[in-house]
$ cat final16.txt   # compact mmCIF, N, CA and C atoms
# COMPACT_ATOMS: atom_id res chain seq x y z
N ILE A 1 0.86 -1.18 0.00
CA ILE A 1 0.00 0.00 0.00
C ILE A 1 0.90 1.23 0.00
N ALA A 2 0.87 1.98 -1.08
CA ALA A 2 1.70 3.17 -1.18
C ALA A 2 1.18 4.29 -0.29
N ASP A 3 -0.14 4.47 -0.19
CA ASP A 3 -0.75 5.54 0.61
C ASP A 3 -1.96 4.98 1.34
N SER A 4 -1.81 4.70 2.65
CA SER A 4 -2.91 4.10 3.40
C SER A 4 -3.95 5.12 3.85
N ASN A 5 -3.72 6.40 3.61
CA ASN A 5 -4.76 7.40 3.87
C ASN A 5 -5.78 7.45 2.74
N ARG A 6 -5.27 7.41 1.52
CA ARG A 6 -6.18 7.44 0.36
C ARG A 6 -6.37 6.05 -0.25
N TRP A 7 -5.65 5.05 0.27
CA TRP A 7 -5.72 3.68 -0.21
C TRP A 7 -5.37 3.59 -1.70
N SER A 8 -4.33 4.32 -2.07
CA SER A 8 -3.85 4.25 -3.45
C SER A 8 -2.56 3.43 -3.48
N GLY A 9 -2.24 2.95 -4.64
CA GLY A 9 -1.03 2.15 -4.80
C GLY A 9 -1.10 0.78 -4.14
N VAL A 10 -2.30 0.25 -4.03
CA VAL A 10 -2.46 -1.08 -3.44
C VAL A 10 -2.16 -2.12 -4.51
N ARG A 11 -1.21 -2.98 -4.19
CA ARG A 11 -0.84 -4.05 -5.11
C ARG A 11 -0.46 -5.27 -4.28
N GLY A 12 -0.66 -6.44 -4.85
CA GLY A 12 -0.26 -7.64 -4.13
C GLY A 12 -0.82 -8.88 -4.78
N ARG A 13 -0.60 -9.98 -4.10
CA ARG A 13 -1.06 -11.26 -4.60
C ARG A 13 -1.53 -12.10 -3.43
N VAL A 14 -2.69 -12.69 -3.59
CA VAL A 14 -3.21 -13.64 -2.62
C VAL A 14 -3.20 -15.00 -3.30
N GLY A 15 -2.55 -15.96 -2.67
CA GLY A 15 -2.50 -17.31 -3.22
C GLY A 15 -3.00 -18.31 -2.20
N ILE A 16 -3.83 -19.22 -2.65
CA ILE A 16 -4.35 -20.26 -1.76
C ILE A 16 -3.98 -21.60 -2.38
N ARG A 17 -3.32 -22.42 -1.61
CA ARG A 17 -2.93 -23.75 -2.09
C ARG A 17 -4.16 -24.63 -2.19
N THR A 18 -4.36 -25.22 -3.36
CA THR A 18 -5.57 -26.02 -3.61
C THR A 18 -5.63 -27.25 -2.71
N GLU A 19 -4.51 -27.71 -2.22
CA GLU A 19 -4.53 -28.87 -1.31
C GLU A 19 -5.20 -28.53 0.02
N HIS A 20 -5.38 -27.24 0.30
CA HIS A 20 -6.00 -26.80 1.55
C HIS A 20 -7.48 -26.45 1.39
N PHE A 21 -8.03 -26.57 0.19
CA PHE A 21 -9.47 -26.34 0.02
C PHE A 21 -10.23 -27.44 0.75
N PHE A 22 -11.30 -27.06 1.39
CA PHE A 22 -12.11 -28.01 2.15
C PHE A 22 -13.55 -27.85 1.72
N ASN A 23 -14.15 -28.95 1.24
CA ASN A 23 -15.53 -28.94 0.76
C ASN A 23 -16.50 -29.58 1.74
N GLY A 24 -15.97 -30.20 2.79
CA GLY A 24 -16.85 -30.76 3.80
C GLY A 24 -16.85 -32.27 3.92
N MET A 25 -16.22 -32.96 2.97
CA MET A 25 -16.20 -34.42 3.03
C MET A 25 -14.86 -34.88 2.44
N ALA A 26 -14.14 -35.72 3.18
CA ALA A 26 -12.80 -36.13 2.77
C ALA A 26 -12.78 -36.77 1.38
N MET A 27 -13.76 -37.63 1.08
CA MET A 27 -13.80 -38.29 -0.22
C MET A 27 -14.02 -37.26 -1.35
N ARG A 28 -14.91 -36.30 -1.10
CA ARG A 28 -15.17 -35.27 -2.11
C ARG A 28 -13.95 -34.37 -2.29
N ASP A 29 -13.25 -34.06 -1.18
CA ASP A 29 -12.04 -33.23 -1.26
C ASP A 29 -10.97 -33.93 -2.09
N ALA A 30 -10.76 -35.21 -1.86
CA ALA A 30 -9.75 -35.97 -2.60
C ALA A 30 -10.08 -35.98 -4.10
N TYR A 31 -11.34 -36.18 -4.43
CA TYR A 31 -11.76 -36.19 -5.83
C TYR A 31 -11.56 -34.81 -6.46
N ALA A 32 -11.95 -33.76 -5.75
CA ALA A 32 -11.81 -32.40 -6.28
C ALA A 32 -10.35 -32.04 -6.51
N ARG A 33 -9.47 -32.43 -5.60
CA ARG A 33 -8.04 -32.14 -5.77
C ARG A 33 -7.48 -32.80 -7.03
N LYS A 34 -7.96 -34.00 -7.31
CA LYS A 34 -7.47 -34.74 -8.47
C LYS A 34 -8.13 -34.29 -9.77
N ALA A 35 -9.44 -34.22 -9.81
CA ALA A 35 -10.16 -34.03 -11.06
C ALA A 35 -10.55 -32.59 -11.37
N VAL A 36 -10.80 -31.78 -10.34
CA VAL A 36 -11.26 -30.41 -10.59
C VAL A 36 -10.12 -29.41 -10.46
N TYR A 37 -9.44 -29.41 -9.32
CA TYR A 37 -8.35 -28.45 -9.11
C TYR A 37 -7.08 -28.85 -9.82
N LYS A 38 -6.87 -30.16 -10.01
CA LYS A 38 -5.61 -30.70 -10.55
C LYS A 38 -4.43 -30.15 -9.74
N THR A 39 -4.48 -30.44 -8.45
CA THR A 39 -3.52 -29.89 -7.49
C THR A 39 -2.07 -30.14 -7.89
N ASP A 40 -1.75 -31.30 -8.45
CA ASP A 40 -0.36 -31.58 -8.84
C ASP A 40 0.13 -30.63 -9.93
N GLU A 41 -0.77 -30.26 -10.83
CA GLU A 41 -0.42 -29.39 -11.96
C GLU A 41 -0.58 -27.90 -11.64
N TYR A 42 -1.60 -27.57 -10.86
CA TYR A 42 -1.92 -26.18 -10.52
C TYR A 42 -2.07 -26.08 -9.00
N PRO A 43 -0.97 -25.94 -8.28
CA PRO A 43 -1.03 -26.00 -6.81
C PRO A 43 -1.67 -24.79 -6.14
N GLU A 44 -1.88 -23.69 -6.86
CA GLU A 44 -2.45 -22.50 -6.24
C GLU A 44 -3.54 -21.87 -7.09
N VAL A 45 -4.50 -21.28 -6.41
CA VAL A 45 -5.46 -20.36 -7.01
C VAL A 45 -4.99 -18.99 -6.55
N ARG A 46 -4.92 -18.02 -7.47
CA ARG A 46 -4.33 -16.72 -7.13
C ARG A 46 -5.25 -15.57 -7.54
N PHE A 47 -5.09 -14.47 -6.79
CA PHE A 47 -5.70 -13.22 -7.19
C PHE A 47 -4.60 -12.16 -7.11
N HIS A 48 -4.27 -11.57 -8.26
CA HIS A 48 -3.25 -10.53 -8.36
C HIS A 48 -3.98 -9.18 -8.27
N ILE A 49 -3.71 -8.43 -7.22
CA ILE A 49 -4.40 -7.15 -7.00
C ILE A 49 -3.60 -6.03 -7.66
N ASP A 50 -4.29 -5.26 -8.53
CA ASP A 50 -3.68 -4.14 -9.22
C ASP A 50 -4.02 -2.80 -8.57
N SER A 51 -5.23 -2.70 -8.00
CA SER A 51 -5.65 -1.44 -7.40
C SER A 51 -6.95 -1.65 -6.63
N LEU A 52 -7.31 -0.63 -5.85
CA LEU A 52 -8.61 -0.57 -5.20
C LEU A 52 -9.41 0.56 -5.83
N VAL A 53 -10.68 0.33 -6.07
CA VAL A 53 -11.57 1.36 -6.59
C VAL A 53 -12.82 1.40 -5.71
N ASN A 54 -13.60 2.44 -5.88
CA ASN A 54 -14.83 2.62 -5.10
C ASN A 54 -14.55 2.53 -3.60
N VAL A 55 -13.46 3.16 -3.18
CA VAL A 55 -13.05 3.11 -1.77
C VAL A 55 -14.02 3.96 -0.94
N ARG A 56 -14.56 3.34 0.11
CA ARG A 56 -15.45 4.02 1.05
C ARG A 56 -14.87 3.82 2.44
N ARG A 57 -14.44 4.94 3.05
CA ARG A 57 -13.78 4.89 4.35
C ARG A 57 -14.77 4.97 5.49
N GLY A 58 -14.33 4.52 6.63
CA GLY A 58 -15.10 4.55 7.87
C GLY A 58 -14.42 3.61 8.84
N ASP A 59 -15.12 3.19 9.89
CA ASP A 59 -14.54 2.18 10.78
C ASP A 59 -14.20 0.93 10.01
N THR A 60 -15.02 0.62 9.03
CA THR A 60 -14.76 -0.48 8.11
C THR A 60 -14.55 0.11 6.73
N LEU A 61 -13.45 -0.25 6.11
CA LEU A 61 -13.15 0.20 4.75
C LEU A 61 -13.84 -0.75 3.78
N SER A 62 -14.55 -0.21 2.82
CA SER A 62 -15.14 -1.01 1.75
C SER A 62 -14.53 -0.58 0.44
N ALA A 63 -14.23 -1.52 -0.42
CA ALA A 63 -13.63 -1.20 -1.72
C ALA A 63 -13.75 -2.41 -2.63
N ASP A 64 -13.48 -2.18 -3.90
CA ASP A 64 -13.43 -3.25 -4.88
C ASP A 64 -11.97 -3.45 -5.28
N ALA A 65 -11.47 -4.65 -5.11
CA ALA A 65 -10.11 -4.98 -5.52
C ALA A 65 -10.15 -5.36 -7.00
N VAL A 66 -9.42 -4.63 -7.81
CA VAL A 66 -9.37 -4.88 -9.25
C VAL A 66 -8.07 -5.61 -9.55
N GLY A 67 -8.18 -6.69 -10.30
CA GLY A 67 -6.98 -7.43 -10.62
C GLY A 67 -7.26 -8.61 -11.52
N THR A 68 -6.49 -9.66 -11.33
CA THR A 68 -6.56 -10.84 -12.18
C THR A 68 -6.73 -12.08 -11.32
N PHE A 69 -7.79 -12.83 -11.60
CA PHE A 69 -8.05 -14.09 -10.92
C PHE A 69 -7.42 -15.19 -11.76
N GLU A 70 -6.70 -16.11 -11.10
CA GLU A 70 -6.03 -17.19 -11.81
C GLU A 70 -6.43 -18.54 -11.22
N PHE A 71 -6.98 -19.39 -12.08
CA PHE A 71 -7.38 -20.74 -11.68
C PHE A 71 -7.00 -21.70 -12.80
N ARG A 72 -6.31 -22.75 -12.47
CA ARG A 72 -5.86 -23.76 -13.43
C ARG A 72 -5.08 -23.14 -14.60
N GLY A 73 -4.26 -22.14 -14.27
CA GLY A 73 -3.40 -21.51 -15.28
C GLY A 73 -4.09 -20.49 -16.16
N VAL A 74 -5.39 -20.27 -15.97
CA VAL A 74 -6.14 -19.30 -16.78
C VAL A 74 -6.31 -18.03 -15.96
N ARG A 75 -5.98 -16.91 -16.56
CA ARG A 75 -6.10 -15.61 -15.89
C ARG A 75 -7.24 -14.80 -16.51
N ARG A 76 -8.06 -14.22 -15.61
CA ARG A 76 -9.17 -13.37 -16.07
C ARG A 76 -9.24 -12.12 -15.23
N ALA A 77 -9.50 -10.99 -15.87
CA ALA A 77 -9.70 -9.75 -15.15
C ALA A 77 -10.94 -9.87 -14.28
N MET A 78 -10.85 -9.33 -13.06
CA MET A 78 -11.98 -9.46 -12.15
C MET A 78 -11.92 -8.33 -11.12
N SER A 79 -13.09 -7.98 -10.63
CA SER A 79 -13.23 -7.02 -9.55
C SER A 79 -13.92 -7.73 -8.39
N VAL A 80 -13.32 -7.67 -7.21
CA VAL A 80 -13.85 -8.39 -6.05
C VAL A 80 -14.19 -7.39 -4.95
N PRO A 81 -15.47 -7.29 -4.57
CA PRO A 81 -15.84 -6.41 -3.47
C PRO A 81 -15.34 -6.96 -2.14
N GLY A 82 -14.87 -6.07 -1.29
CA GLY A 82 -14.37 -6.53 0.00
C GLY A 82 -14.49 -5.45 1.06
N ARG A 83 -14.20 -5.88 2.29
CA ARG A 83 -14.20 -4.96 3.43
C ARG A 83 -12.95 -5.22 4.24
N ALA A 84 -12.49 -4.21 4.98
CA ALA A 84 -11.30 -4.35 5.82
C ALA A 84 -11.46 -3.50 7.07
N TRP A 85 -10.88 -3.99 8.17
CA TRP A 85 -10.87 -3.26 9.43
C TRP A 85 -9.67 -3.74 10.24
N HIS A 86 -9.27 -2.92 11.21
CA HIS A 86 -8.14 -3.27 12.07
C HIS A 86 -8.58 -4.32 13.09
N GLU A 87 -7.78 -5.38 13.19
CA GLU A 87 -8.09 -6.47 14.12
C GLU A 87 -6.84 -7.27 14.41
N ASN A 88 -6.65 -7.63 15.67
CA ASN A 88 -5.62 -8.58 16.07
C ASN A 88 -4.23 -8.19 15.57
N GLY A 89 -3.89 -6.92 15.65
CA GLY A 89 -2.56 -6.46 15.25
C GLY A 89 -2.35 -6.36 13.76
N GLY A 90 -3.41 -6.43 12.99
CA GLY A 90 -3.27 -6.35 11.54
C GLY A 90 -4.52 -5.78 10.91
N LEU A 91 -4.66 -6.02 9.66
CA LEU A 91 -5.82 -5.55 8.91
C LEU A 91 -6.58 -6.78 8.42
N ARG A 92 -7.78 -6.98 8.94
CA ARG A 92 -8.60 -8.12 8.50
C ARG A 92 -9.29 -7.73 7.21
N VAL A 93 -9.21 -8.61 6.21
CA VAL A 93 -9.77 -8.35 4.89
C VAL A 93 -10.66 -9.54 4.52
N ILE A 94 -11.90 -9.24 4.15
CA ILE A 94 -12.80 -10.29 3.69
C ILE A 94 -13.40 -9.88 2.34
N GLY A 95 -13.71 -10.84 1.55
CA GLY A 95 -14.35 -10.57 0.26
C GLY A 95 -14.92 -11.85 -0.30
N ARG A 96 -15.81 -11.69 -1.23
CA ARG A 96 -16.38 -12.86 -1.90
C ARG A 96 -16.86 -12.47 -3.28
N PHE A 97 -16.87 -13.51 -4.15
CA PHE A 97 -17.31 -13.30 -5.52
C PHE A 97 -17.84 -14.63 -6.04
N ALA A 98 -18.40 -14.60 -7.21
CA ALA A 98 -19.02 -15.80 -7.77
C ALA A 98 -18.62 -15.95 -9.24
N ILE A 99 -18.59 -17.19 -9.67
CA ILE A 99 -18.31 -17.53 -11.07
C ILE A 99 -19.45 -18.43 -11.55
N PRO A 100 -20.04 -18.14 -12.70
CA PRO A 100 -21.05 -19.06 -13.23
C PRO A 100 -20.44 -20.46 -13.41
N ALA A 101 -21.08 -21.48 -12.89
CA ALA A 101 -20.55 -22.84 -12.92
C ALA A 101 -20.14 -23.31 -14.32
N PRO A 102 -20.90 -23.00 -15.38
CA PRO A 102 -20.48 -23.46 -16.72
C PRO A 102 -19.11 -22.92 -17.14
N GLU A 103 -18.67 -21.79 -16.56
CA GLU A 103 -17.36 -21.25 -16.91
C GLU A 103 -16.22 -22.15 -16.44
N LEU A 104 -16.48 -23.01 -15.46
CA LEU A 104 -15.44 -23.95 -15.04
C LEU A 104 -15.02 -24.83 -16.22
N VAL A 105 -15.98 -25.17 -17.07
CA VAL A 105 -15.70 -25.99 -18.25
C VAL A 105 -15.22 -25.11 -19.40
N SER A 106 -16.01 -24.08 -19.76
CA SER A 106 -15.72 -23.29 -20.96
C SER A 106 -14.49 -22.40 -20.82
N THR A 107 -14.21 -21.89 -19.65
CA THR A 107 -13.10 -20.96 -19.47
C THR A 107 -11.89 -21.60 -18.82
N TYR A 108 -12.12 -22.40 -17.77
CA TYR A 108 -11.01 -22.92 -16.98
C TYR A 108 -10.63 -24.36 -17.31
N GLY A 109 -11.33 -24.99 -18.25
CA GLY A 109 -10.92 -26.30 -18.75
C GLY A 109 -11.18 -27.47 -17.84
N VAL A 110 -12.08 -27.33 -16.89
CA VAL A 110 -12.44 -28.47 -16.04
C VAL A 110 -13.32 -29.40 -16.87
N SER A 111 -13.09 -30.68 -16.75
CA SER A 111 -13.88 -31.66 -17.48
C SER A 111 -15.33 -31.63 -17.00
N LYS A 112 -16.28 -31.58 -17.94
CA LYS A 112 -17.69 -31.61 -17.54
C LYS A 112 -18.03 -32.95 -16.89
N TYR A 113 -17.29 -33.98 -17.22
CA TYR A 113 -17.50 -35.29 -16.59
C TYR A 113 -17.04 -35.28 -15.14
N ALA A 114 -15.97 -34.53 -14.87
CA ALA A 114 -15.47 -34.42 -13.50
C ALA A 114 -16.48 -33.70 -12.61
N LEU A 115 -17.25 -32.79 -13.20
CA LEU A 115 -18.23 -32.03 -12.42
C LEU A 115 -19.55 -32.77 -12.28
N GLY A 116 -19.75 -33.80 -13.09
CA GLY A 116 -20.91 -34.68 -12.93
C GLY A 116 -22.23 -34.08 -13.35
N LEU A 117 -23.27 -34.76 -12.95
CA LEU A 117 -24.63 -34.40 -13.36
C LEU A 117 -25.11 -33.07 -12.79
N SER A 118 -24.58 -32.65 -11.66
CA SER A 118 -25.03 -31.39 -11.08
C SER A 118 -24.87 -30.23 -12.05
N LEU A 119 -23.75 -30.21 -12.76
CA LEU A 119 -23.54 -29.15 -13.75
C LEU A 119 -24.32 -29.44 -15.02
N GLY A 120 -24.30 -30.69 -15.48
CA GLY A 120 -24.96 -31.07 -16.72
C GLY A 120 -26.47 -30.88 -16.70
N THR A 121 -27.08 -31.06 -15.54
CA THR A 121 -28.53 -30.89 -15.42
C THR A 121 -28.91 -29.51 -14.89
N HIS A 122 -27.94 -28.63 -14.79
CA HIS A 122 -28.13 -27.24 -14.36
C HIS A 122 -28.64 -27.11 -12.92
N ILE A 123 -28.37 -28.12 -12.10
CA ILE A 123 -28.71 -28.02 -10.68
C ILE A 123 -27.74 -27.06 -9.99
N TRP A 124 -26.47 -27.15 -10.39
CA TRP A 124 -25.43 -26.32 -9.81
C TRP A 124 -25.15 -25.18 -10.77
N LYS A 125 -25.45 -23.97 -10.37
CA LYS A 125 -25.37 -22.82 -11.28
C LYS A 125 -24.21 -21.88 -11.02
N THR A 126 -23.75 -21.81 -9.76
CA THR A 126 -22.76 -20.79 -9.40
C THR A 126 -21.73 -21.36 -8.44
N LEU A 127 -20.47 -21.01 -8.67
CA LEU A 127 -19.39 -21.33 -7.75
C LEU A 127 -19.11 -20.08 -6.94
N HIS A 128 -19.26 -20.17 -5.63
CA HIS A 128 -19.01 -19.04 -4.74
C HIS A 128 -17.62 -19.19 -4.13
N LEU A 129 -16.83 -18.13 -4.19
CA LEU A 129 -15.48 -18.12 -3.64
C LEU A 129 -15.35 -16.95 -2.67
N GLY A 130 -14.56 -17.13 -1.65
CA GLY A 130 -14.37 -16.05 -0.70
C GLY A 130 -13.05 -16.19 0.03
N PHE A 131 -12.70 -15.13 0.75
CA PHE A 131 -11.48 -15.15 1.54
C PHE A 131 -11.70 -14.34 2.81
N ASP A 132 -10.95 -14.70 3.82
CA ASP A 132 -10.98 -14.04 5.12
C ASP A 132 -9.56 -14.14 5.66
N LEU A 133 -8.83 -13.03 5.65
CA LEU A 133 -7.43 -13.08 6.05
C LEU A 133 -7.04 -11.86 6.86
N ILE A 134 -5.94 -11.98 7.57
CA ILE A 134 -5.40 -10.86 8.34
C ILE A 134 -4.04 -10.53 7.77
N LEU A 135 -3.88 -9.29 7.32
CA LEU A 135 -2.61 -8.81 6.78
C LEU A 135 -1.84 -8.11 7.89
N ARG A 136 -0.56 -8.44 8.01
CA ARG A 136 0.29 -7.82 9.01
C ARG A 136 1.52 -7.25 8.32
N PRO A 137 2.10 -6.20 8.90
CA PRO A 137 3.33 -5.66 8.32
C PRO A 137 4.43 -6.72 8.35
N PRO A 138 5.36 -6.68 7.40
CA PRO A 138 6.46 -7.64 7.41
C PRO A 138 7.21 -7.57 8.74
N GLY A 139 7.59 -8.72 9.26
CA GLY A 139 8.34 -8.77 10.50
C GLY A 139 7.48 -8.68 11.75
N GLY A 140 6.16 -8.48 11.57
CA GLY A 140 5.26 -8.42 12.71
C GLY A 140 5.04 -9.81 13.28
N PRO A 141 4.61 -9.88 14.54
CA PRO A 141 4.41 -11.20 15.15
C PRO A 141 3.23 -11.93 14.52
N ALA A 142 3.39 -13.21 14.34
CA ALA A 142 2.30 -14.04 13.83
C ALA A 142 1.43 -14.46 14.99
N ARG A 143 0.13 -14.41 14.80
CA ARG A 143 -0.80 -14.81 15.83
C ARG A 143 -1.77 -15.83 15.26
N GLY A 144 -2.27 -16.70 16.11
CA GLY A 144 -3.17 -17.76 15.66
C GLY A 144 -4.59 -17.37 15.58

$ encode --input "final16.txt" --output "structure tokens"
Amino acid sequence: IADSNRWSGVRGRVGIRTEHFFNGMAMRDAYARKAVYKTDEYPEVRFHIDSLVNVRRGDTLSADAVGTFEFRGVRRAMSVPGRAWHENGGLRVIGRFAIPAPELVSTYGVSKYALGLSLGTHIWKTLHLGFDLILRPPGGPARG
């Protein structure tokens, strides 16, 4: 962050290792790592932040992070709405966004067979993604 008063010059990268995604059932997680995420080939899902827009200040900062979402080696421009506030010695940042489920096949190259009947019969329409993290200055103490 170049200027934390005006929130300009915000740049960075958030990466989540696909082996740490949790869907709620061990068998489903193992299948998703192999067939959907292809963890061995694409170990991370990333969001490269280029800037913040629509910044609204207050006790809680609201803004849209503009950047590039990367999944399975495919990069797409995206804007992710989020909020931030001071917590636990750092800045807590949360955000969420959605991708139409058919784009997993058409854009990101996931096999429609790997996604099964839920996608084929249009039962599953949207993939919801989100993050909840605490940013701390470099060299600051890590807390659990």

$ select_by_dssp --input "final16.txt" --residues "range 101-135 of chain A" --states "strand (DSSP E)" --output "PyMOL selection string"
chain A and resi 126-135

$ residues_near_point --input "final16.txt" --point "(-1.6, -9.5, -6.4)" --cutoff "5 Å" --atoms "only N, CA and C atoms" --output "PyMOL selection string"
chain A and resi 11-14+47-49

$ residues_around --input "final16.txt" --residues "Leu91 in chain A" --least-positions-apart "5" --cutoff "9 Å" --atoms "only C-alpha atoms" --output "PyMOL selection string"
chain A and resi 84-86+133-136

$ residues_around --input "final16.txt" --residues "range 23-36 of chain A" --least-positions-apart "6" --cutoff "12 Å" --atoms "only C-alpha atoms" --output "ChimeraX atom specification"
/A:17,42-44,71-72,104-105,108-116,128-129

$ atom_distance --input "final16.txt" --atom1 "CA of Arg96 in chain A" --atom2 "CA of Ser51 in chain A"
16.6 Å

$ closest_residue --input "final16.txt" --among "A:Tyr37, A:Trp7, A:Arg83, A:Ile94" --to "Leu52 in chain A" --atoms "all atoms listed in the file"
A:Trp7
